[in-house]
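With mmCIF, C-alpha atoms inside, this is model07.cif:
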```cif
data_protein
#
loop_
_atom_site.label_atom_id
_atom_site.label_comp_id
_atom_site.auth_asym_id
_atom_site.auth_seq_id
_atom_site.Cartn_x
_atom_site.Cartn_y
_atom_site.Cartn_z
CA ARG H 278 0.00 0.00 0.00
CA PRO H 279 1.15 3.54 -0.65
CA ARG H 280 2.78 5.33 2.28
CA GLN H 281 0.20 8.15 1.99
CA ILE H 282 -2.61 5.66 2.64
CA ALA H 283 -0.87 4.22 5.70
CA LEU H 284 -0.22 7.70 7.11
CA GLY H 285 -3.78 8.78 6.43
CA GLU H 286 -5.24 5.71 8.09
CA ALA H 287 -2.96 6.21 11.12
CA TYR H 288 -4.11 9.83 11.39
CA ILE H 289 -7.78 8.82 11.18
CA ALA H 290 -7.26 6.20 13.89
CA GLN H 291 -5.82 8.81 16.28
CA ALA H 292 -7.93 11.84 15.37
CA PRO H 293 -10.75 12.89 17.65
CA VAL H 294 -13.96 12.30 15.72
CA PRO H 295 -17.33 13.56 16.98
CA GLU H 296 -19.83 10.80 17.60
CA ASP H 297 -22.08 11.52 14.61
CA ALA H 298 -19.25 12.32 12.14
CA THR H 299 -17.36 10.04 9.78
CA MET H 300 -13.83 10.27 8.46
CA ALA H 301 -12.41 8.74 5.32
CA LEU H 302 -9.46 9.15 3.04
CA THR H 303 -9.99 11.22 -0.09
CA GLY H 304 -7.89 12.23 -3.04
CA SER H 305 -6.37 10.53 -6.04
CA THR H 306 -4.05 8.20 -4.09
CA ALA H 307 -6.89 6.85 -1.96
CA ALA H 308 -9.15 6.50 -5.00
CA ARG H 309 -6.44 4.69 -7.00
CA ASP H 310 -5.71 2.36 -4.07
CA GLN H 311 -9.39 1.50 -3.73
CA GLN H 312 -9.72 1.01 -7.49
CA LEU H 313 -6.70 -1.31 -7.54
CA GLY H 314 -8.15 -3.29 -4.65
CA THR H 315 -11.47 -3.70 -6.47
CA ILE H 316 -9.74 -4.80 -9.67
CA ASN H 317 -7.58 -7.31 -7.83
CA ASP H 318 -10.60 -8.69 -5.98
CA ARG H 319 -12.59 -9.19 -9.20
CA LEU H 320 -9.77 -10.21 -11.54
CA PRO H 321 -9.98 -13.94 -10.76
CA TRP H 322 -13.69 -13.90 -11.62
CA VAL H 323 -13.16 -11.98 -14.85
CA VAL H 324 -10.39 -14.37 -15.91
CA ALA H 325 -12.47 -17.42 -14.95
CA ILE H 326 -15.50 -16.19 -16.89
CA THR H 327 -13.34 -15.31 -19.90
CA LEU H 328 -11.72 -18.75 -19.90
CA ALA H 329 -15.11 -20.43 -19.48
CA LEU H 330 -16.45 -18.57 -22.51
CA ILE H 331 -13.36 -19.56 -24.50
CA VAL H 332 -13.94 -23.21 -23.53
CA VAL H 333 -17.56 -23.08 -24.63
CA VAL H 334 -16.93 -21.26 -27.92
CA VAL H 335 -13.86 -23.29 -28.92
CA GLY H 336 -15.60 -26.52 -27.91
CA LEU H 337 -18.67 -25.70 -29.98
CA VAL H 338 -16.76 -24.43 -33.01
CA PHE H 339 -14.45 -27.44 -33.20
CA GLY H 340 -16.89 -30.01 -31.78
CA SER H 341 -14.17 -31.23 -29.47
CA VAL H 342 -13.28 -31.46 -25.81
CA VAL H 343 -9.56 -31.53 -26.58
CA ALA H 344 -9.46 -28.18 -28.45
CA PRO H 345 -10.56 -26.05 -25.46
CA LEU H 346 -8.28 -28.02 -23.14
CA LEU H 347 -5.40 -27.23 -25.48
CA VAL H 348 -6.16 -23.51 -25.26
CA LEU H 349 -6.52 -23.58 -21.46
CA GLY H 350 -3.34 -25.59 -21.00
CA VAL H 351 -1.25 -23.29 -23.15
CA VAL H 352 -2.74 -20.18 -21.50
CA GLY H 353 -1.89 -21.63 -18.07
CA VAL H 354 1.71 -22.45 -19.00
CA ALA H 355 2.23 -19.08 -20.68
CA TYR H 356 0.76 -17.24 -17.68
CA VAL H 357 3.07 -18.93 -15.17
CA ILE H 358 6.13 -18.35 -17.36
CA ASP H 359 5.14 -14.74 -18.06
CA LEU H 360 4.65 -13.71 -14.44
CA ARG H 361 7.94 -15.32 -13.41
CA LEU H 362 9.77 -13.76 -16.35
CA ILE H 363 8.39 -10.30 -15.55
CA ALA H 364 9.52 -10.70 -11.93
CA TRP H 365 12.94 -12.00 -13.00
CA VAL H 366 13.49 -9.13 -15.44
CA GLY H 367 12.41 -6.70 -12.72
CA GLU H 368 14.90 -8.14 -10.24
CA HIS H 369 17.79 -8.10 -12.69
CA THR H 370 17.17 -4.74 -14.35
CA GLY H 371 15.57 -2.73 -11.58
CA ILE H 372 12.57 -2.09 -13.83
CA ALA H 373 9.68 -3.16 -11.65
CA ALA H 374 6.24 -3.70 -13.12
CA SER H 375 3.43 -1.54 -11.85
CA GLN H 376 1.06 -3.12 -9.35
CA ASP H 377 -1.87 -2.68 -11.71
CA ILE H 378 -0.23 -4.54 -14.60
CA GLU H 379 -1.78 -7.95 -13.92
CA PRO H 380 -5.21 -7.26 -15.46
CA VAL H 381 -3.61 -5.89 -18.63
CA VAL H 382 -1.09 -8.75 -18.81
CA SER H 383 -3.89 -11.30 -18.31
CA ALA H 384 -5.99 -9.86 -21.12
CA LEU H 385 -3.07 -9.60 -23.53
CA LEU H 386 -1.76 -13.08 -22.83
CA ILE H 387 -5.16 -14.78 -23.03
CA GLY H 388 -5.84 -12.97 -26.31
CA ILE H 389 -2.52 -13.85 -27.94
CA VAL H 390 -2.57 -17.51 -26.94
CA THR H 391 -6.23 -18.02 -27.78
CA ASP H 392 -5.87 -16.36 -31.18
CA TYR H 393 -2.88 -18.45 -32.16
CA ALA H 394 -4.48 -21.68 -30.97
CA ILE H 395 -7.66 -20.96 -32.92
CA PHE H 396 -5.71 -20.03 -36.09
CA TYR H 397 -3.68 -23.21 -35.78
CA LEU H 398 -6.73 -25.41 -35.13
CA PHE H 399 -8.63 -23.94 -38.09
CA ARG H 400 -5.66 -24.48 -40.40
CA THR H 401 -5.13 -28.04 -39.14
CA ARG H 402 -8.82 -28.84 -39.63
CA ALA H 403 -8.74 -27.42 -43.17
CA ARG H 404 -5.73 -29.56 -44.07
CA LEU H 405 -7.38 -32.66 -42.61
CA ARG H 406 -10.46 -31.96 -44.74
CA GLU H 407 -8.18 -31.67 -47.78
CA GLY H 408 -7.01 -35.23 -47.12
CA ASP H 409 -3.73 -34.75 -45.24
CA THR H 410 -2.72 -37.25 -42.58
CA THR H 411 -2.83 -36.05 -38.99
CA ARG H 412 0.94 -35.54 -38.84
CA ALA H 413 1.05 -33.78 -42.24
CA ALA H 414 -1.88 -31.53 -41.29
CA ALA H 415 -0.23 -30.57 -38.00
CA ALA H 416 3.15 -29.90 -39.63
CA GLY H 417 1.60 -27.97 -42.51
CA ALA H 418 -0.54 -25.84 -40.20
CA SER H 419 2.46 -25.12 -38.01
CA ALA H 420 4.63 -24.07 -40.96
CA HIS H 421 1.83 -21.92 -42.41
CA MET H 422 0.91 -20.20 -39.15
CA MET H 423 4.44 -19.68 -37.76
CA ALA H 424 5.21 -16.62 -39.89
CA ILE H 425 1.78 -15.10 -39.31
CA VAL H 426 1.88 -15.55 -35.55
CA ALA H 427 5.51 -14.46 -35.23
CA THR H 428 4.77 -11.31 -37.22
CA ALA H 429 1.66 -10.54 -35.16
CA GLY H 430 3.51 -11.17 -31.90
CA LEU H 431 6.50 -9.04 -32.84
CA THR H 432 4.21 -6.27 -34.04
CA THR H 433 2.36 -6.36 -30.72
CA ALA H 434 5.65 -6.36 -28.77
CA LEU H 435 7.02 -3.44 -30.78
CA GLY H 436 3.74 -1.57 -30.50
CA THR H 437 3.71 -1.89 -26.72
CA ALA H 438 7.40 -0.96 -26.60
CA THR H 439 6.48 2.42 -28.08
CA LEU H 440 4.89 3.26 -24.74
CA LEU H 441 8.46 3.76 -23.50
CA VAL H 442 8.88 6.93 -25.55
CA GLY H 443 5.71 8.53 -24.24
CA ASP H 444 5.55 11.35 -21.73
CA VAL H 445 3.14 9.68 -19.29
CA ASP H 446 4.99 7.67 -16.63
CA PHE H 447 1.89 5.60 -15.92
CA PHE H 448 1.96 4.15 -19.46
CA ARG H 449 5.74 3.93 -19.60
CA ALA H 450 5.67 1.67 -16.53
CA PHE H 451 3.49 -0.82 -18.42
CA ALA H 452 5.72 -1.16 -21.50
CA PRO H 453 8.38 -3.67 -20.35
CA ALA H 454 5.85 -6.10 -18.90
CA LEU H 455 3.64 -5.89 -21.99
CA VAL H 456 6.59 -6.52 -24.32
CA ILE H 457 7.57 -9.55 -22.24
CA THR H 458 3.97 -10.77 -22.26
CA ALA H 459 3.60 -10.49 -26.03
CA LEU H 460 6.86 -12.33 -26.66
CA THR H 461 6.12 -15.00 -24.05
CA GLY H 462 2.66 -15.60 -25.52
CA VAL H 463 4.08 -16.11 -28.99
CA VAL H 464 7.01 -18.33 -27.95
CA VAL H 465 4.90 -20.56 -25.71
CA SER H 466 2.11 -20.79 -28.30
CA VAL H 467 4.28 -21.71 -31.26
CA THR H 468 6.12 -24.22 -29.07
CA LEU H 469 3.22 -25.94 -27.30
CA VAL H 470 0.20 -25.70 -29.61
CA PRO H 471 1.72 -27.69 -32.48
CA ALA H 472 3.23 -30.20 -30.05
#
```

Show this structure as structure tokens.
Amino acid sequence: RPRQIALGEAYIAQAPVPEDATMALTGSTAARDQQLGTINDRLPWVVAITLALIVVVVGLVFGSVVAPLLVLGVVGVAYVIDLRLIAWVGEHTGIAASQDIEPVVSALLIGIVTDYAIFYLFRTRARLREGDTTRAAAAGASAHMMAIVATAGLTTALGTATLLVGDVDFFRAFAPALVITALTGVVVSVTLVPA
């Protein structure tokens, strides 16, 4: 918690307050702290609902139980790697991620991994319908999608890196973690989805 919040709460605890009066923290720091708390409290639900919708849609589109499990598995692996990589980079460079980065990182990572998995599954299904064997369809889809996904991932990483040249510190603080997230999503996806 910000030091201003702690000092304000300590002052409120010691201040004489008339019986019918109330005291509370005000200002941008208190509002931002409360907003961050609300986001962090609701983030697990938002992520769970998003993943549930992905499971339903991918399952219905591909008529498969395995396809949504593939997406969930790759998202889970990418998420664990991404958070650890962001922390590791922060420790070794001194560039710490902002506390409110997790919702943005979650959305970006889920989007990148889900998109790639769906592209790959559609291409594999098309090749199977054209008569390819399972192995040939998987290899062909992987070769076809690799350049597209790598280009999209690098474009996203470079686009988020441009936040570093901005004047607003709030956005600049997001850039390193978002670049790491975009690259992690691509690397994990192109490694695990075809496998």

Residues within 10 Å of segment 290-304 of chain H, all atoms listed in the file, excluding chain neighbours under 6 positions, as a compact mmCIF listing (two decimals) with C-alpha atoms, in the coordinates of the input:
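The result, written out as part38.txt:
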```
# COMPACT_ATOMS: atom_id res chain seq x y z
CA GLN H 281 0.20 8.15 1.99
CA ILE H 282 -2.61 5.66 2.64
CA LEU H 284 -0.22 7.70 7.11
```

Between segment 343-391 of chain H and segment 418-428 of chain H, at 12 Å or less, what are the per-residue closest atom pairs and their distances in Å? Count all atoms listed in the file, order by chain and rising residue number, and return it as a Markdown table.
```
| residue | atom | partner | partner_atom | distance |
| --- | --- | --- | --- | --- |
| H:Ile389 | CA | H:Val426 | CA | 9.0 |
| H:Val390 | CA | H:Val426 | CA | 9.9 |
| H:Thr391 | CA | H:Val426 | CA | 11.5 |
```

- Task: Write out as a list in words which residues come within 8 Å of Ile457 of chain H when counting all atoms listed in the file, dropping same-chain ones fewer than 3 positions away.
- Result: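 These residues fall inside the cut-off: Asp359, Leu362, Ile363, Ala434, Pro453, Ala454, Leu460 and Thr461 of chain H.
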
- Any chance you could resolve the PyMOL selection byres ((chain H and resi 332) around 8) against this file and give the residues as a ChimeraX atom specification? /H:328-331,333-336,345-346,348-349

- Message: Could you list, as a VMD selection string, every residue matched by the PyMOL selection byres ((chain H and resi 355) around 10) in this structure?
- Response: chain H and resid 349 to 354 356 to 361 386 to 387 390 458 461 to 466 469

- Message: Just to confirm, what's the straight-line distance from atom CA of Tyr393 of chain H to atom CA of Thr432 of chain H in Å (one decimal)?
- Response: 14.2 Å

- Query: Which residue, H:Leu431, H:Leu347, H:Ala438, H:Val382, has the smallest gap to Pro471 of chain H when you use only C-alpha atoms?
  - Reply: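 Between H:Leu431, H:Leu347, H:Ala438, H:Val382, the residue approaching Pro471 of chain H most closely is H:Leu347.
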
Please return the centre and edge lengths, in Å to one decimal, of a box with edges along x, y and z that contains all listed atoms of segment 459-471 of chain H, widened by 6 Å on every side, as lines of an AutoDock Vina configuration file.
```
center_x = 3.6
center_y = -19.1
center_z = -28.3
size_x = 18.8
size_y = 29.2
size_z = 20.4
```

- Find the distance between atom CA of Ala283 of chain H and atom CA of Gln311 of chain H and write it in Å to one decimal.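 A separation of 13.0 Å between them.
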
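Computed from the coordinates, the atom CA of Tyr397 of chain H to atom CA of Ala414 of chain H distance equals 10.1 Å.
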
- Message: Taking the file as I've supplied it (selection: the PyMOL selection byres ((chain H and resi 320) around 12)), which residues are included? Please answer as a list of chain:residue names.
- Response: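 Going through the file, the PyMOL selection byres ((chain H and resi 320) around 12) ends up selecting H:Gln312, H:Leu313, H:Gly314, H:Thr315, H:Ile316, H:Asn317, H:Asp318, H:Arg319, H:Pro321, H:Trp322, H:Val323, H:Val324, H:Ala325, H:Ile326, H:Thr327, H:Asp377, H:Ile378, H:Glu379, H:Pro380, H:Val381, H:Val382, H:Ser383, H:Ala384.
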